[in-house]
Amino acid sequence: MSLREQLCEYGRRAVELGLVIGTSGNLSVREGDLVTVTPSGAPLDRLTPELCPVVDLTTGKRVAGELRPSSETPMHLAIYQTTDARAIVHTHSVFGTVVATTMTELPPVHYNALMLGGVVKVAEYATYGTPELAANVRQALEGKRAALMANHGGVTIGATLEEAFEATRLLEWLCEVYVRGLNIGKPNILTEDQLAAVIERTLNPPPL
Ligand SMILES: [Zn+2]
């Protein structure tokens, strides 16, 4: 599957799973110095490969594709320029946005949070599409696979689009568990020691 076909496929899945409503999210994938990104203002479940713009990593100039790149392209490029990410998924998923609207971080309530780097930070608010937002997100992402964006949504990175997409699903699941937990009582947060024990067990699994 070509990178453009992958974008269309994961765009469809994001809408199907309710992670994205209409045009409220964007995905990209990097190959060398080129970044293929979802177009601006197009519903993610109705994309076709030729519609997806390809932009230059450094200049952001469009080199292929019929539509304008997503308004959040500056954020995608800033992340590629400073991390090892090869794919990025950004959505306004419900529980991620709830946490991003009410808290400064998502604490690790489940050990799977380690797959995203542990605590997920909420990047400070800035207007969508601006270099300020890109800088805030880049900072929140340092050493992590995911960040939330204040009063906006979430963003995840991966070595492949599949990885970034699964990270977005996990982020949304963790946010939902935490928010639902808060509705019942005070969710227990895993301690540093408990998280270290998970890492230790992953690195040294017991013999079969
Ligand atoms: Zn957005």
# chains A, B, ... in the order shown; residues from 1 in each chain; ligands from 1
$ residues_near_ligand --ligand "ligand 1" --cutoff "8 Å" --atoms "only C-alpha atoms and all ligand atoms" --output "list of chain:residue names"
A:Ser24, A:Gly25, A:Asn26, A:Glu72, A:His90, A:Thr91, A:His92, A:Tyr128, A:His152, A:Gly153, A:Gly154
$ residues_around --residues "Thr202 (chain A)" --least-positions-apart "3" --cutoff "12 Å" --atoms "only C-alpha atoms" --output "ChimeraX atom specification"
/A:111-112,114-115,195-199,205-206
$ write_last_selection --atoms "all heavy atoms" --output "PDB file, in the first residue's frame"
ATOM      1  N   TYR A 111      -0.829   0.491  33.319  1.00  0.00           N
ATOM      2  CA  TYR A 111       0.572   0.321  32.917  1.00  0.00           C
ATOM      3  C   TYR A 111       0.800   0.479  31.409  1.00  0.00           C
ATOM      4  O   TYR A 111       1.907   0.729  30.959  1.00  0.00           O
ATOM      5  CB  TYR A 111       1.152  -0.997  33.445  1.00  0.00           C
ATOM      6  CG  TYR A 111       0.540  -2.252  32.863  1.00  0.00           C
ATOM      7  CD1 TYR A 111       1.022  -2.785  31.668  1.00  0.00           C
ATOM      8  CD2 TYR A 111      -0.495  -2.912  33.504  1.00  0.00           C
ATOM      9  CE1 TYR A 111       0.480  -3.930  31.128  1.00  0.00           C
ATOM     10  CE2 TYR A 111      -1.049  -4.063  32.968  1.00  0.00           C
ATOM     11  CZ  TYR A 111      -0.557  -4.561  31.778  1.00  0.00           C
ATOM     12  OH  TYR A 111      -1.100  -5.705  31.240  1.00  0.00           O
ATOM     13  N   ASN A 112      -0.270   0.350  30.613  1.00  0.00           N
ATOM     14  CA  ASN A 112      -0.102   0.559  29.166  1.00  0.00           C
ATOM     15  C   ASN A 112       0.260   2.004  28.817  1.00  0.00           C
ATOM     16  O   ASN A 112       0.684   2.275  27.695  1.00  0.00           O
ATOM     17  CB  ASN A 112      -1.366   0.152  28.413  1.00  0.00           C
ATOM     18  CG  ASN A 112      -1.414  -1.339  28.150  1.00  0.00           C
ATOM     19  OD1 ASN A 112      -0.423  -2.030  28.383  1.00  0.00           O
ATOM     20  ND2 ASN A 112      -2.533  -1.836  27.682  1.00  0.00           N
ATOM     21  N   LEU A 114       2.768   3.328  29.706  1.00  0.00           N
ATOM     22  CA  LEU A 114       4.206   3.293  29.414  1.00  0.00           C
ATOM     23  C   LEU A 114       4.485   3.246  27.915  1.00  0.00           C
ATOM     24  O   LEU A 114       5.522   3.705  27.446  1.00  0.00           O
ATOM     25  CB  LEU A 114       4.850   2.076  30.095  1.00  0.00           C
ATOM     26  CG  LEU A 114       5.030   2.191  31.610  1.00  0.00           C
ATOM     27  CD1 LEU A 114       5.398   0.848  32.199  1.00  0.00           C
ATOM     28  CD2 LEU A 114       6.080   3.251  31.933  1.00  0.00           C
ATOM     29  N   MET A 115       3.532   2.684  27.165  1.00  0.00           N
ATOM     30  CA  MET A 115       3.727   2.615  25.703  1.00  0.00           C
ATOM     31  C   MET A 115       3.724   4.004  25.074  1.00  0.00           C
ATOM     32  O   MET A 115       4.169   4.190  23.950  1.00  0.00           O
ATOM     33  CB  MET A 115       2.633   1.732  25.082  1.00  0.00           C
ATOM     34  CG  MET A 115       2.781   0.273  25.487  1.00  0.00           C
ATOM     35  SD  MET A 115       1.277  -0.676  25.163  1.00  0.00           S
ATOM     36  CE  MET A 115       1.493  -0.987  23.417  1.00  0.00           C
ATOM     37  N   LEU A 195       5.621   1.281  38.059  1.00  0.00           N
ATOM     38  CA  LEU A 195       5.909   1.410  36.623  1.00  0.00           C
ATOM     39  C   LEU A 195       7.277   0.799  36.307  1.00  0.00           C
ATOM     40  O   LEU A 195       7.449   0.116  35.290  1.00  0.00           O
ATOM     41  CB  LEU A 195       5.862   2.878  36.203  1.00  0.00           C
ATOM     42  CG  LEU A 195       4.455   3.504  36.241  1.00  0.00           C
ATOM     43  CD1 LEU A 195       4.527   5.008  36.005  1.00  0.00           C
ATOM     44  CD2 LEU A 195       3.541   2.857  35.204  1.00  0.00           C
ATOM     45  N   ALA A 196       8.245   1.016  37.204  1.00  0.00           N
ATOM     46  CA  ALA A 196       9.582   0.449  36.999  1.00  0.00           C
ATOM     47  C   ALA A 196       9.504  -1.076  36.984  1.00  0.00           C
ATOM     48  O   ALA A 196      10.199  -1.740  36.206  1.00  0.00           O
ATOM     49  CB  ALA A 196      10.526   0.933  38.098  1.00  0.00           C
ATOM     50  N   ALA A 197       8.631  -1.639  37.835  1.00  0.00           N
ATOM     51  CA  ALA A 197       8.474  -3.099  37.888  1.00  0.00           C
ATOM     52  C   ALA A 197       7.893  -3.639  36.576  1.00  0.00           C
ATOM     53  O   ALA A 197       8.246  -4.735  36.141  1.00  0.00           O
ATOM     54  CB  ALA A 197       7.582  -3.474  39.069  1.00  0.00           C
ATOM     55  N   VAL A 198       7.022  -2.852  35.949  1.00  0.00           N
ATOM     56  CA  VAL A 198       6.448  -3.268  34.658  1.00  0.00           C
ATOM     57  C   VAL A 198       7.540  -3.287  33.585  1.00  0.00           C
ATOM     58  O   VAL A 198       7.648  -4.228  32.792  1.00  0.00           O
ATOM     59  CB  VAL A 198       5.296  -2.322  34.246  1.00  0.00           C
ATOM     60  CG1 VAL A 198       4.823  -2.642  32.831  1.00  0.00           C
ATOM     61  CG2 VAL A 198       4.140  -2.445  35.230  1.00  0.00           C
ATOM     62  N   ILE A 199       8.359  -2.239  33.600  1.00  0.00           N
ATOM     63  CA  ILE A 199       9.448  -2.163  32.617  1.00  0.00           C
ATOM     64  C   ILE A 199      10.406  -3.340  32.828  1.00  0.00           C
ATOM     65  O   ILE A 199      10.803  -4.012  31.873  1.00  0.00           O
ATOM     66  CB  ILE A 199      10.195  -0.815  32.742  1.00  0.00           C
ATOM     67  CG1 ILE A 199       9.246   0.327  32.336  1.00  0.00           C
ATOM     68  CG2 ILE A 199      11.455  -0.795  31.877  1.00  0.00           C
ATOM     69  CD1 ILE A 199       9.753   1.711  32.637  1.00  0.00           C
ATOM     70  N   PRO A 205      11.170 -11.162  30.853  1.00  0.00           N
ATOM     71  CA  PRO A 205       9.974 -11.975  31.097  1.00  0.00           C
ATOM     72  C   PRO A 205      10.363 -13.313  31.753  1.00  0.00           C
ATOM     73  O   PRO A 205      11.448 -13.807  31.517  1.00  0.00           O
ATOM     74  CB  PRO A 205       9.392 -12.210  29.697  1.00  0.00           C
ATOM     75  CG  PRO A 205      10.517 -11.931  28.750  1.00  0.00           C
ATOM     76  CD  PRO A 205      11.492 -11.019  29.432  1.00  0.00           C
ATOM     77  N   PRO A 206       9.449 -13.860  32.590  1.00  0.00           N
ATOM     78  CA  PRO A 206       9.751 -15.139  33.222  1.00  0.00           C
ATOM     79  C   PRO A 206       9.857 -16.230  32.152  1.00  0.00           C
ATOM     80  O   PRO A 206       9.180 -16.150  31.126  1.00  0.00           O
ATOM     81  CB  PRO A 206       8.542 -15.381  34.126  1.00  0.00           C
ATOM     82  CG  PRO A 206       7.474 -14.475  33.637  1.00  0.00           C
ATOM     83  CD  PRO A 206       8.127 -13.341  32.932  1.00  0.00           C
TER      84      PRO A 206
END
$ closest_atom_pairs --of "region 114-161 of chain A" --to "region 28-46 of chain A" --cutoff "10 Å" --atoms "only C-alpha atoms" --output "CSV"
residue,atom,partner,partner_atom,distance
A:Ile157,CA,A:Ser28,CA,9.7
A:Gly158,CA,A:Val29,CA,9.4
A:Ala159,CA,A:Val29,CA,9.2
A:Thr160,CA,A:Val29,CA,7.5
A:Leu161,CA,A:Val29,CA,6.5
$ residues_around --residues "region 188-190 of chain A" --least-positions-apart "2" --cutoff "12 Å" --atoms "only C-alpha atoms" --output "PyMOL selection string"
chain A and resi 106-114+118-119+177-178+181-182+184-186+192-198
$ closest_residue --among "A:Glu16, A:Glu142, A:Glu172, A:Glu162" --to "Asp84 (chain A)" --atoms "only C-alpha atoms"
A:Glu142
$ atom_distance --atom1 "CA of Trp173 (chain A)" --atom2 "CA of Phe95 (chain A)"
7.9 Å
$ select_by_dssp --residues "chain A" --states "strand (DSSP E)" --output "PyMOL selection string"
chain A and resi 25-31+34-37+54-56+62-64+87-91+105-106+120-123+146-149+153-158
$ select_by_dssp --residues "region 12-202 of chain A" --states "helix (DSSP H, G or I)" --output "PyMOL selection string"
chain A and resi 12-16+44-46+49-51+73-82+94-102+111-116+131-140+161-184+192-202
$ residues_around --residues "region 63-68 of chain A" --least-positions-apart "6" --cutoff "8 Å" --atoms "only C-alpha atoms" --output "PyMOL selection string"
chain A and resi 39-40+50-56
$ write_last_selection --atoms "all heavy atoms" --output "PDB file, in the first residue's frame"
ATOM      1  N   PRO A  39      -5.430  16.484   3.392  1.00  0.00           N
ATOM      2  CA  PRO A  39      -5.709  17.843   2.910  1.00  0.00           C
ATOM      3  C   PRO A  39      -6.573  18.646   3.883  1.00  0.00           C
ATOM      4  O   PRO A  39      -7.247  18.091   4.745  1.00  0.00           O
ATOM      5  CB  PRO A  39      -6.454  17.607   1.595  1.00  0.00           C
ATOM      6  CG  PRO A  39      -6.922  16.205   1.623  1.00  0.00           C
ATOM      7  CD  PRO A  39      -6.153  15.451   2.645  1.00  0.00           C
ATOM      8  N   SER A  40      -6.545  19.954   3.703  1.00  0.00           N
ATOM      9  CA  SER A  40      -7.322  20.866   4.531  1.00  0.00           C
ATOM     10  C   SER A  40      -8.800  20.796   4.156  1.00  0.00           C
ATOM     11  O   SER A  40      -9.148  20.785   2.976  1.00  0.00           O
ATOM     12  CB  SER A  40      -6.794  22.287   4.301  1.00  0.00           C
ATOM     13  OG  SER A  40      -7.609  23.215   4.942  1.00  0.00           O
ATOM     14  N   GLU A  50      -4.888  10.727  -4.731  1.00  0.00           N
ATOM     15  CA  GLU A  50      -4.399  11.881  -5.496  1.00  0.00           C
ATOM     16  C   GLU A  50      -4.744  13.217  -4.845  1.00  0.00           C
ATOM     17  O   GLU A  50      -4.149  14.244  -5.152  1.00  0.00           O
ATOM     18  CB  GLU A  50      -4.889  11.826  -6.949  1.00  0.00           C
ATOM     19  CG  GLU A  50      -6.395  11.941  -7.153  1.00  0.00           C
ATOM     20  CD  GLU A  50      -7.169  10.641  -6.870  1.00  0.00           C
ATOM     21  OE1 GLU A  50      -6.542   9.638  -6.470  1.00  0.00           O
ATOM     22  OE2 GLU A  50      -8.402  10.649  -7.034  1.00  0.00           O
ATOM     23  N   LEU A  51      -5.712  13.203  -3.920  1.00  0.00           N
ATOM     24  CA  LEU A  51      -6.078  14.440  -3.216  1.00  0.00           C
ATOM     25  C   LEU A  51      -5.044  14.817  -2.147  1.00  0.00           C
ATOM     26  O   LEU A  51      -4.944  15.970  -1.752  1.00  0.00           O
ATOM     27  CB  LEU A  51      -7.444  14.288  -2.531  1.00  0.00           C
ATOM     28  CG  LEU A  51      -8.690  14.173  -3.400  1.00  0.00           C
ATOM     29  CD1 LEU A  51      -9.913  14.018  -2.515  1.00  0.00           C
ATOM     30  CD2 LEU A  51      -8.839  15.392  -4.294  1.00  0.00           C
ATOM     31  N   CYS A  52      -4.306  13.816  -1.655  1.00  0.00           N
ATOM     32  CA  CYS A  52      -3.413  14.048  -0.510  1.00  0.00           C
ATOM     33  C   CYS A  52      -2.152  14.800  -0.926  1.00  0.00           C
ATOM     34  O   CYS A  52      -1.386  14.331  -1.766  1.00  0.00           O
ATOM     35  CB  CYS A  52      -3.031  12.727   0.142  1.00  0.00           C
ATOM     36  SG  CYS A  52      -4.444  11.910   0.882  1.00  0.00           S
ATOM     37  N   PRO A  53      -1.919  15.966  -0.327  1.00  0.00           N
ATOM     38  CA  PRO A  53      -0.750  16.756  -0.696  1.00  0.00           C
ATOM     39  C   PRO A  53       0.553  16.157  -0.144  1.00  0.00           C
ATOM     40  O   PRO A  53       0.557  15.555   0.932  1.00  0.00           O
ATOM     41  CB  PRO A  53      -1.003  18.113  -0.035  1.00  0.00           C
ATOM     42  CG  PRO A  53      -2.330  18.028   0.616  1.00  0.00           C
ATOM     43  CD  PRO A  53      -2.725  16.604   0.708  1.00  0.00           C
ATOM     44  N   VAL A  54       1.622  16.340  -0.898  1.00  0.00           N
ATOM     45  CA  VAL A  54       2.963  15.989  -0.443  1.00  0.00           C
ATOM     46  C   VAL A  54       3.716  17.307  -0.292  1.00  0.00           C
ATOM     47  O   VAL A  54       3.713  18.135  -1.205  1.00  0.00           O
ATOM     48  CB  VAL A  54       3.684  15.078  -1.472  1.00  0.00           C
ATOM     49  CG1 VAL A  54       5.071  14.704  -0.971  1.00  0.00           C
ATOM     50  CG2 VAL A  54       2.855  13.829  -1.747  1.00  0.00           C
ATOM     51  N   VAL A  55       4.332  17.525   0.883  1.00  0.00           N
ATOM     52  CA  VAL A  55       5.044  18.787   1.110  1.00  0.00           C
ATOM     53  C   VAL A  55       6.502  18.522   1.455  1.00  0.00           C
ATOM     54  O   VAL A  55       6.863  17.438   1.922  1.00  0.00           O
ATOM     55  CB  VAL A  55       4.391  19.630   2.241  1.00  0.00           C
ATOM     56  CG1 VAL A  55       2.940  19.953   1.931  1.00  0.00           C
ATOM     57  CG2 VAL A  55       4.508  18.929   3.587  1.00  0.00           C
ATOM     58  N   ASP A  56       7.323  19.545   1.216  1.00  0.00           N
ATOM     59  CA  ASP A  56       8.736  19.475   1.551  1.00  0.00           C
ATOM     60  C   ASP A  56       8.898  19.632   3.067  1.00  0.00           C
ATOM     61  O   ASP A  56       8.297  20.524   3.665  1.00  0.00           O
ATOM     62  CB  ASP A  56       9.479  20.588   0.813  1.00  0.00           C
ATOM     63  CG  ASP A  56      10.964  20.526   1.067  1.00  0.00           C
ATOM     64  OD1 ASP A  56      11.417  21.024   2.118  1.00  0.00           O
ATOM     65  OD2 ASP A  56      11.675  19.976   0.203  1.00  0.00           O
TER      66      ASP A  56
END
$ closest_residue --among "A:Glu132, A:Glu105, A:Glu163, A:Glu176" --to "Tyr10 (chain A)" --atoms "only C-alpha atoms"
A:Glu163
$ closest_residue --among "A:Ala85, A:Ile21, A:Ala126, A:Leu203" --to "Ala146 (chain A)" --atoms "only C-alpha atoms"
A:Ala85
$ atom_distance --atom1 "CA of Val120 (chain A)" --atom2 "CA of Ala147 (chain A)"
5.6 Å
$ closest_residue --among "A:Leu174, A:Ala100, A:Leu133, A:Ala123" --to "Pro187 (chain A)" --atoms "only C-alpha atoms"
A:Leu174
$ atom_distance --atom1 "CA of Ala134 (chain A)" --atom2 "CA of Thr101 (chain A)"
17.9 Å
